[in-house]
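Asks: So here's input.tsv (TSV, C-alpha atoms).
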```
chain	number	residue	atom	x	y	z
A	21	MET	CA	128.71	1.85	-18.27
A	22	ALA	CA	131.47	4.34	-17.58
A	23	GLN	CA	132.91	4.56	-14.11
A	24	LEU	CA	130.38	6.21	-11.81
A	25	SER	CA	132.83	8.74	-10.39
A	26	ALA	CA	133.69	9.92	-13.92
A	27	ILE	CA	130.00	10.45	-14.73
A	28	GLN	CA	129.48	12.40	-11.50
A	29	ASP	CA	132.60	14.48	-12.18
A	30	ARG	CA	131.27	15.36	-15.65
A	31	LEU	CA	127.85	16.32	-14.26
A	32	ARG	CA	129.44	18.27	-11.39
A	33	ALA	CA	131.56	20.25	-13.90
A	34	LEU	CA	128.54	21.03	-16.10
A	35	LEU	CA	126.54	22.22	-13.08
A	36	ALA	CA	129.46	24.35	-11.89
A	37	ASP	CA	129.45	26.14	-15.26
A	38	GLU	CA	125.86	27.29	-14.78
A	39	ARG	CA	125.66	30.98	-13.91
A	40	GLY	CA	124.38	31.80	-10.43
A	41	LEU	CA	124.65	28.31	-8.95
A	42	GLU	CA	127.96	28.87	-7.13
A	43	GLN	CA	126.27	30.52	-4.15
A	44	LEU	CA	123.65	27.78	-3.99
A	45	LEU	CA	126.10	24.89	-4.23
A	46	GLU	CA	128.80	26.26	-1.87
A	47	PRO	CA	128.89	25.05	0.81
A	48	GLN	CA	127.51	21.79	-0.54
A	49	PRO	CA	123.84	21.44	0.49
A	50	SER	CA	122.72	18.08	1.89
A	51	TRP	CA	120.58	17.36	-1.21
A	52	TYR	CA	123.43	17.87	-3.72
A	53	PRO	CA	124.81	14.28	-3.58
A	54	VAL	CA	121.25	12.96	-4.05
A	55	LEU	CA	120.74	15.19	-7.09
A	56	LEU	CA	124.08	14.13	-8.59
A	57	ARG	CA	123.32	10.44	-8.05
A	58	GLN	CA	119.85	10.74	-9.61
A	59	LEU	CA	121.27	12.58	-12.64
A	60	GLU	CA	124.03	9.98	-12.91
A	61	LEU	CA	121.53	7.10	-12.84
A	62	ALA	CA	119.29	8.86	-15.37
A	63	VAL	CA	122.01	9.82	-17.87
A	64	GLY	CA	124.38	6.89	-17.45
A	65	ASP	CA	127.25	7.06	-19.87
A	66	GLN	CA	125.26	8.78	-22.63
A	67	LYS	CA	126.86	11.90	-24.08
A	68	VAL	CA	125.29	15.05	-22.61
A	69	ILE	CA	124.30	17.42	-25.41
A	70	TYR	CA	122.96	20.08	-23.06
A	71	LEU	CA	122.71	20.66	-19.33
A	72	GLY	CA	120.98	23.74	-18.03
A	73	ALA	CA	119.97	24.74	-14.52
A	74	ALA	CA	118.08	27.58	-12.91
A	75	ALA	CA	117.39	28.36	-9.28
A	76	ALA	CA	114.72	30.47	-7.63
A	77	SER	CA	114.65	31.54	-4.00
A	78	GLY	CA	111.66	32.51	-1.90
A	79	LEU	CA	111.45	33.60	1.72
A	80	SER	CA	112.27	30.14	3.05
A	81	THR	CA	112.39	27.91	-0.03
A	82	VAL	CA	114.94	27.28	-2.76
A	83	THR	CA	113.92	25.54	-5.98
A	84	LEU	CA	116.48	24.24	-8.44
A	85	ARG	CA	115.54	22.81	-11.82
A	86	VAL	CA	118.03	20.95	-13.99
A	87	GLY	CA	117.41	19.83	-17.57
A	88	VAL	CA	119.62	17.44	-19.52
A	89	PHE	CA	119.39	16.33	-23.15
A	90	THR	CA	121.23	13.36	-24.63
A	91	ASP	CA	120.70	11.83	-28.09
A	92	ARG	CA	117.86	9.65	-26.81
A	93	ILE	CA	116.50	11.05	-23.53
A	94	VAL	CA	115.54	14.24	-21.77
A	95	VAL	CA	115.99	14.46	-18.01
A	96	ALA	CA	114.23	16.95	-15.74
A	97	ALA	CA	115.31	17.14	-12.10
A	98	GLU	CA	113.78	19.37	-9.45
A	99	VAL	CA	114.99	20.11	-5.94
A	100	ILE	CA	112.72	21.82	-3.45
A	101	ASP	CA	114.52	22.80	-0.25
A	102	ASP	CA	112.38	24.47	2.39
A	103	GLY	CA	115.12	24.37	5.03
A	104	THR	CA	113.77	21.29	6.79
A	105	PRO	CA	115.68	17.99	6.72
A	106	GLY	CA	115.10	15.86	3.63
A	107	ALA	CA	114.73	18.25	0.71
A	108	GLN	CA	112.58	16.87	-2.08
A	109	VAL	CA	114.65	15.71	-5.09
A	110	VAL	CA	112.74	14.22	-8.03
A	111	THR	CA	114.16	13.32	-11.44
A	112	ARG	CA	112.04	12.43	-14.49
A	113	VAL	CA	113.42	10.69	-17.55
A	114	GLU	CA	111.61	10.78	-20.89
A	115	SER	CA	112.33	9.36	-24.29
A	116	ARG	CA	112.94	12.18	-26.73
A	117	SER	CA	110.59	10.33	-29.07
A	118	GLY	CA	107.69	11.44	-26.81
A	119	LEU	CA	107.98	15.04	-28.05
A	120	LEU	CA	104.61	16.46	-29.10
A	121	ARG	CA	105.60	19.98	-30.09
A	122	PHE	CA	107.90	22.87	-29.27
A	123	GLU	CA	107.49	26.62	-29.07
A	124	LEU	CA	109.95	29.44	-29.59
A	125	SER	CA	109.51	32.66	-27.67
A	126	GLY	CA	111.46	35.81	-26.95
A	127	GLY	CA	114.10	37.28	-29.17
A	128	SER	CA	114.81	40.84	-30.21
A	129	GLU	CA	115.77	42.85	-33.28
A	130	ALA	CA	119.43	42.46	-32.29
A	131	ASP	CA	119.16	38.67	-32.69
A	132	ASN	CA	119.26	39.13	-36.48
A	133	ALA	CA	122.22	41.55	-36.42
A	134	GLU	CA	124.83	38.85	-37.01
A	135	GLU	CA	125.05	35.13	-37.60
A	136	SER	CA	125.91	33.23	-34.43
A	137	SER	CA	125.43	29.76	-32.99
A	138	TRP	CA	122.56	30.94	-30.83
A	139	SER	CA	120.62	34.17	-30.63
A	140	GLY	CA	120.51	34.69	-26.91
A	141	GLY	CA	117.05	36.15	-26.51
A	142	PHE	CA	115.13	33.08	-27.65
A	143	ARG	CA	113.68	30.31	-25.48
A	144	ILE	CA	112.57	26.84	-26.57
A	145	ARG	CA	109.76	25.10	-24.72
A	146	ALA	CA	109.48	21.39	-25.52
A	147	PHE	CA	106.24	19.59	-24.65
A	148	TYR	CA	106.20	15.80	-24.12
A	149	GLN	CA	103.35	13.26	-24.13
A	150	SER	CA	103.61	12.70	-20.37
A	151	GLY	CA	102.97	16.38	-19.67
A	152	LEU	CA	106.64	17.23	-19.07
A	153	THR	CA	107.64	20.67	-20.34
A	154	VAL	CA	111.30	21.60	-20.61
A	155	THR	CA	112.59	25.13	-21.29
A	156	VAL	CA	115.95	25.65	-22.99
A	157	PRO	CA	118.05	27.54	-22.23
A	158	ALA	CA	117.38	27.35	-18.51
A	159	ASN	CA	119.87	30.10	-17.78
A	160	ILE	CA	121.91	32.78	-19.52
A	161	VAL	CA	123.75	31.69	-22.66
A	162	ASP	CA	127.06	33.48	-22.13
A	163	THR	CA	129.69	31.18	-23.61
A	164	GLU	CA	130.26	29.79	-27.07
A	165	ALA	CA	130.09	26.24	-25.67
A	166	LYS	CA	126.64	26.97	-24.22
A	167	ARG	CA	125.48	28.55	-27.50
A	168	VAL	CA	126.60	25.48	-29.42
A	169	SER	CA	124.84	23.11	-26.98
A	170	VAL	CA	121.56	25.08	-27.13
A	171	ARG	CA	121.70	25.07	-30.92
A	172	ALA	CA	122.30	21.29	-30.85
A	173	VAL	CA	119.19	20.85	-28.67
A	174	LEU	CA	117.08	22.88	-31.10
A	175	ASP	CA	118.39	20.87	-34.06
A	176	GLY	CA	117.66	17.63	-32.17
A	177	ILE	CA	114.16	18.72	-31.17
A	178	ARG	CA	113.32	19.52	-34.79
A	179	GLU	CA	114.61	16.05	-35.76
A	180	ASP	CA	112.56	14.47	-32.95
A	181	LEU	CA	109.38	15.96	-34.43
A	182	GLN	CA	110.20	14.64	-37.90
A	183	ALA	CA	110.92	11.07	-36.75
A	184	ARG	CA	108.16	8.49	-36.99
A	185	PRO	CA	107.58	6.08	-34.09
A	186	GLY	CA	109.88	3.08	-34.41
A	187	ASP	CA	112.35	4.91	-36.66
A	188	PRO	CA	115.88	5.49	-35.35
A	189	PRO	CA	116.48	9.14	-34.41
A	190	LEU	CA	117.35	11.22	-37.47
A	191	GLY	CA	120.98	12.00	-38.00
A	192	ARG	CA	122.02	9.40	-35.45
A	193	GLU	CA	123.25	5.88	-36.07
A	194	ASN	CA	121.05	2.88	-35.43
A	195	PRO	CA	122.61	1.00	-32.46
A	196	SER	CA	121.92	-2.44	-33.99
```
Transcribe the structure of this file into structure tokens.
Replies:
Amino acid sequence: MAQLSAIQDRLRALLADERGLEQLLEPQPSWYPVLLRQLELAVGDQKVIYLGAAAASGLSTVTLRVGVFTDRIVVAAEVIDDGTPGAQVVTRVESRSGLLRFELSGGSEADNAEESSWSGGFRIRAFYQSGLTVTVPANIVDTEAKRVSVRAVLDGIREDLQARPGDPPLGRENPS
């Protein structure tokens, strides 16, 4: 496994690139190291294909959801901070082979105007056997790198649906 600090640095950089999280993460909230450690343990040294995050604030509660896709797993982390000590941080890890179906929603006439890596108005909702639902993109797709990563997730999700149980993931090498 890669050095733990390198994994956390990579995850920290990906989170920092998410629009709107700067205000939430500066100054560093007490739950942030817990979230980073859980993501680090979940992802390990696997290559991150996509990381997306979205935050919602209520009168006294902040909720942050983070989704991560690698070649083999999907990770969904949720932080619920109601201002009291000990914010709730829970991270779920699923095999991508547990995908049941996906849905596409959104979009506009402008999405067909030109060929691009990702038409920004669309959302993918992936449904897994355990009941986990992950929405991609979680936030605004405003960079070419983000467009490429969202497109890679869609391509991977389509492959996940075509794979049969026990088969190696399509388009990816068998580790044996």
Asks: Report as a compact mmCIF listing (two decimals) with C-alpha atoms, in the coordinates of the input all protein, DNA and RNA residues lying within 10 Å of Pro49 (chain A), evaluated on only C-alpha atoms, omitting residues in the same chain fewer than 4 positions from it.
Replies:
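Saved to out31.txt:
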```
# COMPACT_ATOMS: atom_id res chain seq x y z
CA LEU A 44 123.65 27.78 -3.99
CA LEU A 45 126.10 24.89 -4.23
CA PRO A 53 124.81 14.28 -3.58
CA VAL A 54 121.25 12.96 -4.05
CA ASP A 101 114.52 22.80 -0.25
CA ALA A 107 114.73 18.25 0.71
```
Asks: In Å to one decimal, how far is CA of Asp162 (chain A) from CA of Ser77 (chain A)?
Replies: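 It comes out at 22.1 Å.
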Asks: Using all atoms listed in the file, can you tell me which of A:Val94, A:Leu181, A:Ile160, A:Leu119 comes closest to Tyr70 (chain A)?
Replies: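 For Tyr70 (chain A), the nearest of the given residues is A:Val94.
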Asks: Could you build a table of the residues in region 80-131 of chain A lying no more than 12 Å from region 152-156 of chain A, giving for each the nearest pair of atoms and their separation in Å rounded to one decimal place, using all atoms listed in the file, ordered by chain and ascending residue number, as JSON lines?
Replies:
```
{"residue": "A:Arg85", "atom": "CA", "partner": "A:Val154", "partner_atom": "CA", "distance": 9.8}
{"residue": "A:Val86", "atom": "CA", "partner": "A:Val154", "partner_atom": "CA", "distance": 9.5}
{"residue": "A:Gly87", "atom": "CA", "partner": "A:Val154", "partner_atom": "CA", "distance": 7.1}
{"residue": "A:Val88", "atom": "CA", "partner": "A:Val154", "partner_atom": "CA", "distance": 9.4}
{"residue": "A:Phe89", "atom": "CA", "partner": "A:Val156", "partner_atom": "CA", "distance": 9.9}
{"residue": "A:Val94", "atom": "CA", "partner": "A:Val154", "partner_atom": "CA", "distance": 8.6}
{"residue": "A:Val95", "atom": "CA", "partner": "A:Val154", "partner_atom": "CA", "distance": 8.9}
{"residue": "A:Ala96", "atom": "CA", "partner": "A:Val154", "partner_atom": "CA", "distance": 7.3}
{"residue": "A:Ala97", "atom": "CA", "partner": "A:Val154", "partner_atom": "CA", "distance": 10.4}
{"residue": "A:Glu98", "atom": "CA", "partner": "A:Val154", "partner_atom": "CA", "distance": 11.6}
{"residue": "A:Thr111", "atom": "CA", "partner": "A:Leu152", "partner_atom": "CA", "distance": 11.4}
{"residue": "A:Arg112", "atom": "CA", "partner": "A:Leu152", "partner_atom": "CA", "distance": 8.6}
{"residue": "A:Val113", "atom": "CA", "partner": "A:Leu152", "partner_atom": "CA", "distance": 9.5}
{"residue": "A:Glu114", "atom": "CA", "partner": "A:Leu152", "partner_atom": "CA", "distance": 8.3}
{"residue": "A:Ser115", "atom": "CA", "partner": "A:Leu152", "partner_atom": "CA", "distance": 11.0}
{"residue": "A:Arg116", "atom": "CA", "partner": "A:Leu152", "partner_atom": "CA", "distance": 11.1}
{"residue": "A:Gly118", "atom": "CA", "partner": "A:Leu152", "partner_atom": "CA", "distance": 9.7}
{"residue": "A:Leu119", "atom": "CA", "partner": "A:Leu152", "partner_atom": "CA", "distance": 9.3}
{"residue": "A:Leu120", "atom": "CA", "partner": "A:Thr153", "partner_atom": "CA", "distance": 10.2}
{"residue": "A:Arg121", "atom": "CA", "partner": "A:Thr153", "partner_atom": "CA", "distance": 10.0}
{"residue": "A:Phe122", "atom": "CA", "partner": "A:Thr153", "partner_atom": "CA", "distance": 9.2}
{"residue": "A:Glu123", "atom": "CA", "partner": "A:Thr155", "partner_atom": "CA", "distance": 9.4}
{"residue": "A:Leu124", "atom": "CA", "partner": "A:Val156", "partner_atom": "CA", "distance": 9.7}
{"residue": "A:Ser125", "atom": "CA", "partner": "A:Thr155", "partner_atom": "CA", "distance": 10.3}
{"residue": "A:Gly126", "atom": "CA", "partner": "A:Val156", "partner_atom": "CA", "distance": 11.8}
```
Asks: Mind giving me the straight-line distance from CA of Lys67 (chain A) to CA of Ile177 (chain A) in Å, one decimal?
Replies: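 One can read the CA of Lys67 (chain A) to CA of Ile177 (chain A) distance as 16.1 Å.
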Asks: Just the residues within 9 Å of Leu35 (chain A), please, counting all atoms listed in the file, with nothing from its chain fewer than 6 positions along; format it as a ChimeraX atom specification.
Replies: /A:41,71-73,86
Asks: Using only C-alpha atoms, pick whichever of A:Val161, A:Ala183, A:Ile144, A:Ile27 has the shortest atom-to-atom distance to Val68 (chain A).
Replies: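 Under the stated criterion, the closest residue is A:Ile27.
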Asks: What is the CA of Gln108 (chain A) to CA of Lys166 (chain A) distance in Å?
Replies: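 These two atoms are separated by 28.1 Å.
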Asks: Would you kindly return, as a ChimeraX atom specification, each protein, DNA or RNA residue with an atom no farther than 10 Å from any atom of Leu56 (chain A), considering only C-alpha atoms and excluding same-chain residues fewer than 3 positions away?
Replies: /A:27-29,31-32,35,51-53,59-62,97
Asks: Kindly indicate which residue among A:Leu34, A:Ile69, A:Val99, A:Leu79 lies nearest to Ser169 (chain A), using only C-alpha atoms for the distances.
Replies: A:Ile69
Asks: Enclose all atoms of region 142-150 of chain A listed in the file in an axis-aligned box, grow every side by 5 Å, and hand back centre and edge lengths in Å to one decimal, as JSON.
Replies:
```
{"center_x": 109.2, "center_y": 22.9, "center_z": -24.0, "size_x": 21.8, "size_y": 30.4, "size_z": 17.3}
```
Asks: Would you mind telling me which residue in A:Ser50, A:Tyr148, A:Glu179, A:Asp65 lies nearest to Gly106 (chain A) when using all atoms listed in the file?
Replies: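 Of A:Ser50, A:Tyr148, A:Glu179, A:Asp65, the one nearest Gly106 (chain A) is A:Ser50, counting all atoms listed in the file.
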Asks: From the list A:Leu55, A:Pro105, A:Ala74, A:Val170, which residue is nearest Glu42 (chain A) when using all atoms listed in the file?
Replies: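 Looking at the shortest contact to Glu42 (chain A), the residue is A:Ala74.
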Asks: Since the input is missing atoms, can you rebuild all heavy atoms for region 23-34 of chain A and write them as a short mmCIF file (atom, residue, chain, number, x, y, z; two decimals), in the coordinates of the input?
Replies:
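Written file, result.cif:
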```cif
data_model
loop_
_atom_site.label_atom_id
_atom_site.label_comp_id
_atom_site.auth_asym_id
_atom_site.auth_seq_id
_atom_site.Cartn_x
_atom_site.Cartn_y
_atom_site.Cartn_z
N GLN A 23 132.72 4.54 -15.56
CA GLN A 23 132.91 4.56 -14.11
C GLN A 23 132.04 5.65 -13.50
O GLN A 23 131.99 6.78 -13.99
CB GLN A 23 134.38 4.79 -13.79
CG GLN A 23 134.70 4.60 -12.34
CD GLN A 23 136.20 4.71 -12.09
OE1 GLN A 23 136.94 5.17 -12.94
NE2 GLN A 23 136.60 4.30 -10.92
N LEU A 24 131.34 5.29 -12.41
CA LEU A 24 130.38 6.21 -11.81
C LEU A 24 131.01 7.52 -11.39
O LEU A 24 130.41 8.58 -11.57
CB LEU A 24 129.69 5.53 -10.61
CG LEU A 24 128.89 4.27 -10.95
CD1 LEU A 24 128.25 3.71 -9.69
CD2 LEU A 24 127.85 4.54 -12.01
N SER A 25 132.21 7.49 -10.83
CA SER A 25 132.83 8.74 -10.39
C SER A 25 133.10 9.66 -11.58
O SER A 25 133.00 10.88 -11.45
CB SER A 25 134.11 8.46 -9.60
OG SER A 25 135.07 7.82 -10.43
N ALA A 26 133.44 9.10 -12.74
CA ALA A 26 133.69 9.92 -13.92
C ALA A 26 132.40 10.59 -14.40
O ALA A 26 132.42 11.76 -14.81
CB ALA A 26 134.28 9.06 -15.04
N ILE A 27 131.29 9.87 -14.34
CA ILE A 27 130.00 10.45 -14.73
C ILE A 27 129.64 11.59 -13.78
O ILE A 27 129.24 12.67 -14.20
CB ILE A 27 128.89 9.38 -14.76
CG1 ILE A 27 129.21 8.33 -15.83
CG2 ILE A 27 127.53 10.01 -15.00
CD1 ILE A 27 128.35 7.09 -15.76
N GLN A 28 129.78 11.35 -12.47
CA GLN A 28 129.48 12.40 -11.50
C GLN A 28 130.39 13.61 -11.68
O GLN A 28 129.94 14.75 -11.57
CB GLN A 28 129.56 11.88 -10.07
CG GLN A 28 128.33 11.14 -9.64
CD GLN A 28 128.24 10.96 -8.13
OE1 GLN A 28 129.02 11.50 -7.37
NE2 GLN A 28 127.26 10.20 -7.71
N ASP A 29 131.67 13.37 -11.96
CA ASP A 29 132.60 14.48 -12.18
C ASP A 29 132.16 15.31 -13.38
O ASP A 29 132.21 16.54 -13.34
CB ASP A 29 134.03 13.96 -12.40
CG ASP A 29 134.66 13.41 -11.13
OD1 ASP A 29 134.13 13.67 -10.02
OD2 ASP A 29 135.68 12.71 -11.25
N ARG A 30 131.74 14.64 -14.46
CA ARG A 30 131.27 15.36 -15.65
C ARG A 30 130.03 16.19 -15.34
O ARG A 30 129.94 17.36 -15.70
CB ARG A 30 130.99 14.35 -16.77
CG ARG A 30 130.59 15.01 -18.08
CD ARG A 30 130.26 13.98 -19.13
NE ARG A 30 129.06 13.28 -18.71
CZ ARG A 30 128.70 12.08 -19.12
NH1 ARG A 30 129.44 11.43 -19.96
NH2 ARG A 30 127.58 11.52 -18.71
N LEU A 31 129.07 15.59 -14.63
CA LEU A 31 127.85 16.32 -14.26
C LEU A 31 128.16 17.47 -13.31
O LEU A 31 127.61 18.57 -13.45
CB LEU A 31 126.83 15.36 -13.64
CG LEU A 31 126.25 14.32 -14.59
CD1 LEU A 31 125.51 13.24 -13.81
CD2 LEU A 31 125.34 14.97 -15.61
N ARG A 32 129.05 17.24 -12.34
CA ARG A 32 129.44 18.27 -11.39
C ARG A 32 130.06 19.47 -12.14
O ARG A 32 129.74 20.62 -11.84
CB ARG A 32 130.43 17.68 -10.38
CG ARG A 32 130.61 18.49 -9.14
CD ARG A 32 131.54 17.80 -8.13
NE ARG A 32 130.84 16.78 -7.38
CZ ARG A 32 131.06 15.48 -7.46
NH1 ARG A 32 131.99 15.00 -8.25
NH2 ARG A 32 130.37 14.63 -6.73
N ALA A 33 130.92 19.19 -13.13
CA ALA A 33 131.56 20.25 -13.90
C ALA A 33 130.53 21.03 -14.71
O ALA A 33 130.59 22.27 -14.78
CB ALA A 33 132.63 19.67 -14.82
N LEU A 34 129.58 20.34 -15.32
CA LEU A 34 128.54 21.03 -16.10
C LEU A 34 127.67 21.91 -15.20
O LEU A 34 127.33 23.04 -15.56
CB LEU A 34 127.67 20.01 -16.85
CG LEU A 34 128.34 19.30 -18.02
CD1 LEU A 34 127.49 18.13 -18.50
CD2 LEU A 34 128.63 20.26 -19.16
#
```
